[in-house]
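Engineer: Handing over query14.txt, compact mmCIF, C-alpha atoms.
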# COMPACT_ATOMS: atom_id res chain seq x y z
CA MET B 24 -9.60 -1.62 29.99
CA ALA B 25 -8.48 -4.48 27.76
CA PHE B 26 -5.27 -4.02 25.81
CA ASP B 27 -4.38 -6.23 22.84
CA VAL B 28 -0.60 -6.71 23.06
CA PHE B 29 -0.43 -8.39 19.64
CA GLU B 30 -2.27 -5.50 17.99
CA ALA B 31 0.01 -2.97 19.67
CA ALA B 32 3.09 -4.89 18.51
CA CYS B 33 2.00 -5.00 14.86
CA TRP B 34 3.31 -2.59 12.28
CA LYS B 35 0.47 -0.70 10.65
CA VAL B 36 0.68 -0.83 6.86
CA TYR B 37 -1.31 1.21 4.37
CA LEU B 38 -1.46 -0.74 1.10
CA ALA B 39 -1.73 1.79 -1.72
CA ALA B 40 -2.62 0.13 -5.00
CA PRO B 41 -4.99 0.35 -7.94
CA LEU B 42 -8.25 -1.43 -7.18
CA PHE B 43 -10.21 -1.15 -10.40
CA SER B 44 -10.15 -4.69 -11.78
CA GLU B 45 -10.63 -8.16 -10.39
CA ALA B 46 -6.97 -8.92 -11.11
CA GLU B 47 -5.79 -5.82 -9.23
CA CYS B 48 -8.02 -6.58 -6.23
CA ASP B 49 -6.85 -10.21 -6.18
CA PHE B 50 -3.19 -9.15 -6.23
CA ASN B 51 -3.81 -6.57 -3.49
CA ARG B 52 -5.48 -9.25 -1.37
CA LYS B 53 -2.51 -11.59 -1.94
CA VAL B 54 -0.04 -8.90 -0.83
CA ALA B 55 -2.20 -7.97 2.19
CA ASP B 56 -2.48 -11.62 3.25
CA ILE B 57 1.29 -12.07 3.00
CA LEU B 58 1.91 -8.92 5.06
CA THR B 59 -0.61 -10.06 7.65
CA GLY B 60 1.38 -13.27 7.96
CA TYR B 61 4.33 -11.15 9.08
CA ALA B 62 2.45 -9.56 12.00
CA MET B 63 1.39 -6.51 9.99
CA GLN B 64 -1.99 -4.82 10.32
CA VAL B 65 -2.95 -3.90 6.78
CA HIS B 66 -5.34 -1.15 5.71
CA LEU B 67 -6.60 -2.16 2.27
CA PRO B 68 -8.80 0.57 0.74
CA GLN B 69 -10.81 -1.97 -1.27
CA ASP B 70 -11.93 -3.47 2.07
CA CYS B 71 -13.17 -0.23 3.59
CA GLY B 72 -15.90 0.62 1.13
CA ASP B 73 -13.78 1.88 -1.76
CA SER B 74 -15.34 0.11 -4.71
CA GLU B 75 -17.24 0.85 -7.88
CA HIS B 76 -20.52 0.66 -5.99
CA SER B 77 -19.48 3.12 -3.28
CA ARG B 78 -18.16 5.86 -5.53
CA GLU B 79 -21.35 7.92 -5.41
CA LEU B 80 -20.87 11.59 -4.57
CA SER B 81 -22.57 11.16 -1.21
CA ILE B 82 -19.85 8.82 0.10
CA GLN B 83 -16.70 9.99 -1.71
CA ARG B 84 -15.65 12.34 1.12
CA GLU B 85 -16.06 9.54 3.67
CA ILE B 86 -13.85 7.18 1.61
CA PHE B 87 -11.24 9.92 1.20
CA GLU B 88 -11.17 10.72 4.92
CA LYS B 89 -10.94 7.02 5.91
CA ASN B 90 -7.93 6.54 3.67
CA VAL B 91 -6.20 9.78 4.71
CA HIS B 92 -6.72 8.80 8.36
CA ALA B 93 -5.24 5.34 7.65
CA ILE B 94 -2.17 6.88 6.00
CA HIS B 95 -1.69 9.11 9.06
CA ASN B 96 -1.89 6.08 11.36
CA ALA B 97 0.36 3.86 9.23
CA ASP B 98 3.93 3.07 10.13
CA ILE B 99 4.69 2.02 6.56
CA VAL B 100 3.09 2.53 3.16
CA VAL B 101 3.44 -0.32 0.70
CA ALA B 102 2.53 0.87 -2.78
CA VAL B 103 1.97 -1.24 -5.88
CA ILE B 104 3.33 0.75 -8.84
CA ASP B 105 2.89 -1.71 -11.70
CA GLY B 106 1.74 -0.66 -15.15
CA ALA B 107 3.02 1.60 -17.89
CA ASP B 108 2.55 4.45 -15.42
CA ALA B 109 1.70 4.19 -11.73
CA ASP B 110 -1.95 4.64 -10.77
CA SER B 111 -2.73 8.30 -10.05
CA GLY B 112 -4.40 7.60 -6.69
CA THR B 113 -1.50 5.41 -5.60
CA SER B 114 0.91 8.15 -6.67
CA TRP B 115 -1.03 10.69 -4.59
CA GLU B 116 -0.92 8.37 -1.57
CA ILE B 117 2.85 7.96 -1.97
CA GLY B 118 3.36 11.72 -2.16
CA TYR B 119 1.14 12.36 0.83
CA ALA B 120 2.86 9.67 2.90
CA PHE B 121 6.27 11.03 1.89
CA GLY B 122 5.22 14.49 3.05
CA LEU B 123 4.29 12.97 6.41
CA GLY B 124 7.70 11.32 6.70
CA LYS B 125 6.39 7.76 6.37
CA LYS B 126 8.57 4.85 5.23
CA ILE B 127 7.41 3.86 1.74
CA ILE B 128 8.13 0.60 -0.02
CA ALA B 129 7.08 0.56 -3.68
CA LEU B 130 6.43 -2.86 -5.20
CA ARG B 131 6.98 -2.95 -8.96
CA THR B 132 6.69 -6.43 -10.43
CA ASP B 133 6.31 -4.96 -13.94
CA PHE B 134 9.59 -5.35 -15.86
CA ARG B 135 8.97 -2.41 -18.20
CA HIS B 136 11.05 0.75 -17.73
CA VAL B 137 10.06 4.29 -18.70
CA GLY B 138 13.60 5.41 -19.38
CA HIS B 139 17.24 4.46 -19.28
CA ASN B 140 17.57 5.25 -15.57
CA GLU B 141 13.97 5.07 -14.37
CA MET B 142 11.70 2.11 -13.82
CA VAL B 143 8.49 4.09 -13.49
CA ASN B 144 8.83 7.69 -12.31
CA LEU B 145 11.70 9.60 -10.76
CA MET B 146 9.53 11.19 -8.04
CA LEU B 147 8.05 7.86 -6.96
CA GLU B 148 11.39 6.11 -7.04
CA GLN B 149 13.19 8.80 -5.03
CA SER B 150 10.50 8.89 -2.34
CA SER B 151 10.49 5.14 -1.71
CA VAL B 152 12.46 1.94 -1.56
CA VAL B 153 11.58 0.16 -4.82
CA VAL B 154 11.44 -3.64 -4.81
CA ASN B 155 10.65 -5.98 -7.69
CA ASN B 156 9.00 -8.97 -6.04
CA ILE B 157 7.30 -10.12 -2.87
CA PRO B 158 10.41 -11.72 -1.31
CA SER B 159 12.23 -8.38 -1.74
CA LEU B 160 9.22 -6.60 -0.21
CA ILE B 161 9.44 -8.84 2.84
CA GLN B 162 13.19 -8.16 3.15
CA ALA B 163 12.55 -4.40 3.00
CA LEU B 164 10.11 -4.52 5.92
CA PRO B 165 11.38 -3.53 9.34
CA CYS B 166 11.93 -6.73 11.39
CA PRO B 167 9.76 -9.12 9.37
CA ILE B 168 8.78 -11.94 11.71
CA PRO B 169 6.48 -14.59 10.27
CA ILE B 170 3.61 -15.68 12.49
CA ARG B 171 3.84 -19.39 13.29
CA PRO B 172 0.59 -21.31 12.71
Kindly transcribe the structure held in the file into C-alpha cells.
Structural biologist:
Amino acid sequence: MAFDVFEAACWKVYLAAPLFSEAECDFNRKVADILTGYAMQVHLPQDCGDSEHSRELSIQREIFEKNVHAIHNADIVVAVIDGADADSGTSWEIGYAFGLGKKIIALRTDFRHVGHNEMVNLMLEQSSVVVNNIPSLIQALPCPIPIRP
C-alpha cells in the first residue's frame, strides 16, 4: 500500500466562500492557491461541481453531501465573509463547522462595518478568528510553512 507522506502532513482546509460571480470565483482561486503554497490541501466547492450549471435538482443532494463530507474531514475552515452581509451558504458552513469544533478563520477584506462593535455579524465573529487580509490569514494558520519551489 502506497502512503503519500506529503498528503498526510498537509492541513486540510475547507474554503467556504460565495461562488456566484467571476470575481468571487477568481478571489476564491487566489486564496486557495496561496493556501496550497503553504502545504494546505484545499477543498474549494466551486471545483467539485458546485456551479450554476450543476444546480439542477438531480445533483443538489450530491453537491451538499460532498461539501458536508469535506467540512467533516477539514482541519480548518477558511471563510470569506466580505460584502454588506456574509453569504448565507458561507454562514451555514461556518455554523456547521463551529458545531463540529473546527478551527475557523474568517477573512473579511471588506472595510465596511455593520455596527459600532461588529464588522459583519456577532455570531460569525464570535465563532471564528477574523482577519482582514491575506497576510493576516497566513499568520492565523497553524504552523504556516511555505513550500519551496
Engineer: One decimal, in Å: what's the spacing between CA of Ile99 (chain B) and CA of Met146 (chain B)?
Structural biologist: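 Separation of CA of Ile99 (chain B) and CA of Met146 (chain B): 17.9 Å.
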Engineer: Extract, using only C-alpha atoms, all DNA, RNA and protein residues at most 10 Å from Gly124 (chain B), discarding same-chain residues fewer than 3 positions from it, and format them as a ChimeraX atom specification.
Structural biologist: /B:95,98-99,118-121,127,150
Engineer: Using all atoms listed in the file, which residue out of B:Phe50, B:Tyr37, B:Trp115, B:Phe134 lies closest to Met63 (chain B)?
Structural biologist: B:Tyr37
Engineer: Between CA of Asp105 (chain B) and CA of Cys33 (chain B), what is the spacing in Å?
Structural biologist: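 Taking CA of Cys33 (chain B) and CA of Asp105 (chain B), their separation equals 26.8 Å.
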Engineer: Ranking B:Asn90, B:Ala40, B:Ala46, B:Lys35 by minimum distance to Tyr61 (chain B) and counting all atoms listed in the file, which one comes first?
Structural biologist: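 Closest residue, counting all atoms listed in the file: B:Lys35.
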Engineer: Rounded to one decimal in Å, what is the spacing between CA of Val153 (chain B) and CA of Ala107 (chain B)?
Structural biologist: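 Value for the CA of Val153 (chain B)-CA of Ala107 (chain B) distance: 15.7 Å.
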Engineer: Nearest to Gln149 (chain B) among B:Val101, B:Val54, B:Ile128, B:Val137, with distances taken over all atoms listed in the file: which residue is it?
Structural biologist: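 Looking only at the distances to Gln149 (chain B), the closest residue turns out to be B:Ile128.
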Engineer: Find, counting all atoms listed in the file, the residue in B:Leu80, B:Ile157, B:Ile104, B:Ala163 that gets nearest to Glu47 (chain B).
Structural biologist: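 Answer, going by the shortest atom-to-atom distance: B:Ile104.
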Engineer: Neighbours of region 129-131 of chain B within 9 Å (all atoms listed in the file; same-chain residues fewer than 6 positions away dropped), as a list in words?
Structural biologist: Val100, Val101, Ala102, Val103, Ile104, Asp105, Gly106, Ile117, Met142, Val143, Leu147, Glu148, Ser151, Val152, Val153, Val154, Asn155, Asn156, Ile157, Ser159 and Leu160 of chain B
Engineer: Using only C-alpha atoms, which of the listed residues (B:Thr59, B:Pro165, B:Pro41, B:Asp108) sits closest to Glu141 (chain B)?
Structural biologist: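 Closest to Glu141 (chain B) of all the choices is B:Asp108.
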Engineer: Under the rule that all atoms listed in the file are counted, which of B:Ile86, B:Ala109, B:Leu67, B:Ile161 is the nearest residue to Asp49 (chain B)?
Structural biologist: B:Leu67
